[in-house]
Amino acid sequence: MSLQNVRPDACRDSKPRLYTSPSAFPNPQRLRLFLHEKGIAAEVEELVFDAAPPGAGLTWKHLRRNPWGETPTLELADGTVLAETAAIVRFLDEAYPGRRITGDTPLEQGLDAMWDSRIRVQILQRITTMFQVMQEGLVSNLEANENAAWGRRCRREALAHAALVDRHFADGRHWLLGGAEPGFADITLCTAIAFSKFPVNATPLDEQFERLGGFWSRWKRRDSFRLAYADGGSGLAELDYLTAS
Ligand SMILES: N[C@@H](CCC(=O)N[C@@H](CS)C(=O)NCC(=O)O)C(=O)O
């Protein structure tokens with residue numbers, strides 16, 4: 001089937017399958033937070049791969065589905081496969097009813113995409129790289145990754161960009177675009193803060209930057225956050241209360 005023939009409502013025939021990982025993995029968790037914020041988590045069938053040790057959970061079947069071997073990956077009822085968190089979010093935000101998380105107007109959409117890209121590339125990805133290169137023995141594609149100097153540089157860059165984002169909140173706004181509710185870029189920032197706090201990363205952005213601390217606290221009070229992190233797989237002791245019954 002060519003891409004032009006994929007119906008935008010292809011997901012309505014039966015539930016799309018969403019392949020994710022436990023909430024310690026930032027991109028699947030970023031998508032999960034979007035699903036709960038949009039109120040459509042029940043509209044997808046989530047299948048969780050435990051990809052620890054790295055890659056072990058990603059089966060050949062998944063590689064046939066997504067040769068990049070990554071989660072999240074969305075498979076529609078007609079076999080169409082969508083990967084890349086921002087692309088999946090763009091599709092679901094448009095295809096399902098509910099609040100538009102990526103923005104209502106062209107300007108909001110542009111601003112949300114700008115902040116999402118800045119935060120994903122300059123903060124979240126730096127921390128992910130740091131995670132991959134700062135640990136002895138962690139391998140990717142069977143090659144050792146350790147490079148402490150590169151990890152330290154990534155940490156410095158993540159902190160420098162987090163400082164810029166922190167300054168953006170100086171006018172008292174609660175969310176990046178200044179509205180009453182969070183957008184997708186806010187979801188990416190929440191995810192970056194969570195991953196910065198992961199014990200191995202030990203660069204808690206909420207503790208280093210006061211306004212990011214307030215932002216993190218606001219997220220923790222939201223139902224979407226509680227639901228998205230309720231799997232107990234975040235690796236953050238401060239979120240253990242979400243699974244305690
Ligand atoms: N650019 C992708 C990145 C996805 C990604 O890096 N996923 C990680 C989990 S956070 C993964 O599947 N890694 C493969 C592995 O752990 O083996 C996106 O935005 O979704």
# chains A, B, ... in the order shown; residues from 1 in each chain; ligands from 1
$ residues_around --residues "Ala24 of chain A" --least-positions-apart "3" --cutoff "7 Å" --atoms "only C-alpha atoms" --output "PyMOL selection string"
chain A and resi 233-235
$ residues_around --residues "segment 33-36 of chain A" --least-positions-apart "6" --cutoff "12 Å" --atoms "only C-alpha atoms" --output "ChimeraX atom specification"
/A:18,23,26-27,42-46,85-86,88-93,96-102,182-191,194,219-220,222-230
$ write_last_selection --atoms "N, CA and C atoms" --output "CSV table (one decimal), in the first residue's frame"
chain,number,residue,atom,x,y,z
A,18,LEU,N,0.4,-0.5,20.0
A,18,LEU,CA,1.5,0.4,20.3
A,18,LEU,C,2.6,-0.3,21.0
A,23,SER,N,8.5,2.8,31.7
A,23,SER,CA,8.6,4.2,31.7
A,23,SER,C,9.9,4.8,32.1
A,26,PRO,N,12.7,7.0,27.9
A,26,PRO,CA,12.0,8.3,27.7
A,26,PRO,C,11.1,8.4,26.6
A,27,ASN,N,11.4,7.9,25.4
A,27,ASN,CA,10.5,8.2,24.2
A,27,ASN,C,9.2,7.5,24.3
A,42,ALA,N,-6.9,4.4,26.2
A,42,ALA,CA,-7.7,3.2,26.0
A,42,ALA,C,-8.0,2.9,24.5
A,43,GLU,N,-7.6,3.8,23.7
A,43,GLU,CA,-7.9,3.6,22.2
A,43,GLU,C,-6.8,2.8,21.5
A,44,VAL,N,-5.7,2.5,22.2
A,44,VAL,CA,-4.6,1.7,21.6
A,44,VAL,C,-4.4,0.5,22.5
A,45,GLU,N,-3.9,-0.5,21.9
A,45,GLU,CA,-3.5,-1.7,22.6
A,45,GLU,C,-2.0,-1.6,22.8
A,46,GLU,N,-1.6,-1.4,24.1
A,46,GLU,CA,-0.1,-1.2,24.3
A,46,GLU,C,0.6,-2.5,24.6
A,85,THR,N,8.4,9.3,17.8
A,85,THR,CA,7.4,9.8,18.8
A,85,THR,C,6.6,11.0,18.2
A,86,ALA,N,7.3,12.0,17.7
A,86,ALA,CA,6.7,13.2,17.3
A,86,ALA,C,5.7,12.9,16.1
A,88,ILE,N,4.2,10.0,15.5
A,88,ILE,CA,3.0,9.2,16.0
A,88,ILE,C,2.1,10.2,16.7
A,89,VAL,N,2.6,11.1,17.5
A,89,VAL,CA,1.8,12.1,18.2
A,89,VAL,C,1.0,13.0,17.2
A,90,ARG,N,1.7,13.4,16.1
A,90,ARG,CA,1.1,14.3,15.1
A,90,ARG,C,-0.1,13.6,14.5
A,91,PHE,N,0.1,12.3,14.2
A,91,PHE,CA,-1.0,11.5,13.6
A,91,PHE,C,-2.2,11.3,14.6
A,92,LEU,N,-1.9,10.9,15.8
A,92,LEU,CA,-3.0,10.6,16.8
A,92,LEU,C,-3.7,11.9,17.2
A,93,ASP,N,-2.9,13.0,17.3
A,93,ASP,CA,-3.6,14.2,17.7
A,93,ASP,C,-4.6,14.7,16.7
A,96,TYR,N,-7.7,11.6,16.3
A,96,TYR,CA,-8.7,11.4,17.4
A,96,TYR,C,-9.3,12.7,17.9
A,97,PRO,N,-10.5,12.6,18.4
A,97,PRO,CA,-11.1,13.8,19.0
A,97,PRO,C,-10.5,14.1,20.3
A,98,GLY,N,-10.7,15.3,20.8
A,98,GLY,CA,-10.2,15.7,22.1
A,98,GLY,C,-9.3,17.0,21.9
A,99,ARG,N,-8.8,17.5,23.0
A,99,ARG,CA,-8.0,18.7,23.0
A,99,ARG,C,-6.8,18.5,22.1
A,100,ARG,N,-6.5,19.5,21.3
A,100,ARG,CA,-5.3,19.4,20.4
A,100,ARG,C,-4.0,19.7,21.2
A,101,ILE,N,-3.3,18.7,21.4
A,101,ILE,CA,-2.1,18.8,22.3
A,101,ILE,C,-0.9,19.5,21.5
A,102,THR,N,-0.9,19.4,20.2
A,102,THR,CA,0.2,20.0,19.4
A,102,THR,C,-0.2,21.4,19.0
A,182,PRO,N,-0.9,22.0,29.3
A,182,PRO,CA,0.4,21.7,28.6
A,182,PRO,C,0.2,21.3,27.1
A,183,GLY,N,1.2,21.5,26.3
A,183,GLY,CA,1.2,21.0,25.0
A,183,GLY,C,2.3,19.9,24.8
A,184,PHE,N,2.5,19.5,23.6
A,184,PHE,CA,3.5,18.4,23.4
A,184,PHE,C,4.9,18.8,23.8
A,185,ALA,N,5.3,20.0,23.6
A,185,ALA,CA,6.7,20.4,24.0
A,185,ALA,C,6.8,20.3,25.6
A,186,ASP,N,5.7,20.6,26.3
A,186,ASP,CA,5.7,20.5,27.7
A,186,ASP,C,5.9,19.0,28.1
A,187,ILE,N,5.3,18.1,27.3
A,187,ILE,CA,5.4,16.7,27.6
A,187,ILE,C,6.8,16.2,27.4
A,188,THR,N,7.5,16.8,26.4
A,188,THR,CA,8.9,16.4,26.1
A,188,THR,C,9.8,17.0,27.2
A,189,LEU,N,9.5,18.2,27.7
A,189,LEU,CA,10.2,18.8,28.8
A,189,LEU,C,10.1,17.9,30.1
A,190,CYS,N,8.8,17.5,30.4
A,190,CYS,CA,8.6,16.7,31.5
A,190,CYS,C,9.4,15.4,31.5
A,191,THR,N,9.4,14.8,30.3
A,191,THR,CA,10.1,13.6,30.1
A,191,THR,C,11.6,13.7,30.2
A,194,ALA,N,12.3,14.0,33.9
A,194,ALA,CA,12.2,12.7,34.5
A,194,ALA,C,13.5,11.9,34.2
A,219,TRP,N,3.4,19.1,36.9
A,219,TRP,CA,3.1,17.8,36.2
A,219,TRP,C,2.7,16.7,37.2
A,220,LYS,N,3.4,16.7,38.3
A,220,LYS,CA,3.1,15.6,39.2
A,220,LYS,C,1.7,15.6,39.8
A,222,ARG,N,-0.9,16.3,37.9
A,222,ARG,CA,-1.9,16.0,36.8
A,222,ARG,C,-2.2,14.5,36.8
A,223,ASP,N,-3.5,14.2,36.5
A,223,ASP,CA,-3.9,12.8,36.4
A,223,ASP,C,-3.1,12.1,35.3
A,224,SER,N,-2.9,12.8,34.2
A,224,SER,CA,-2.2,12.2,33.0
A,224,SER,C,-0.8,11.7,33.5
A,225,PHE,N,-0.1,12.5,34.3
A,225,PHE,CA,1.2,12.1,34.8
A,225,PHE,C,1.1,10.9,35.6
A,226,ARG,N,0.1,10.9,36.6
A,226,ARG,CA,0.0,9.7,37.5
A,226,ARG,C,-0.3,8.5,36.7
A,227,LEU,N,-1.2,8.6,35.7
A,227,LEU,CA,-1.5,7.4,34.9
A,227,LEU,C,-0.3,6.9,34.1
A,228,ALA,N,0.4,7.9,33.5
A,228,ALA,CA,1.5,7.5,32.6
A,228,ALA,C,2.6,6.9,33.3
A,229,TYR,N,2.8,7.2,34.6
A,229,TYR,CA,4.0,6.6,35.3
A,229,TYR,C,3.5,5.5,36.3
A,230,ALA,N,2.3,5.1,36.2
A,230,ALA,CA,1.7,4.1,37.1
A,230,ALA,C,2.3,2.7,36.9
$ closest_residue --among "A:Gly69, A:Gly39, A:Pro199, A:Pro22" --to "ligand 1" --atoms "only C-alpha atoms and all ligand atoms"
A:Gly69
$ residues_around --residues "Glu136 of chain A" --least-positions-apart "2" --cutoff "10 Å" --atoms "only C-alpha atoms" --output "list in words"
Gln132, Val133, Met134, Leu138, Val139, Ala144, Asn145, Glu146, Asn147 and Ala148 of chain A
$ write_last_selection --atoms "C-alpha atoms" --output "mmCIF file, in the first residue's frame"
data_model
loop_
_atom_site.group_PDB
_atom_site.id
_atom_site.type_symbol
_atom_site.label_atom_id
_atom_site.label_comp_id
_atom_site.auth_asym_id
_atom_site.auth_seq_id
_atom_site.Cartn_x
_atom_site.Cartn_y
_atom_site.Cartn_z
ATOM 1 C CA GLN A 132 24.696 5.585 26.867
ATOM 2 C CA VAL A 133 28.344 6.680 27.080
ATOM 3 C CA MET A 134 28.877 7.169 30.825
ATOM 4 C CA LEU A 138 26.831 -0.748 28.096
ATOM 5 C CA VAL A 139 26.815 -1.872 24.490
ATOM 6 C CA ALA A 144 31.170 -0.786 23.823
ATOM 7 C CA ASN A 145 30.075 2.836 24.086
ATOM 8 C CA GLU A 146 31.977 4.168 27.063
ATOM 9 C CA ASN A 147 33.293 7.708 26.600
ATOM 10 C CA ALA A 148 33.247 9.643 29.859
#
$ closest_residue --among "A:Leu164, A:Arg221, A:Val48, A:Leu236" --to "Arg118 of chain A" --atoms "only C-alpha atoms"
A:Leu164
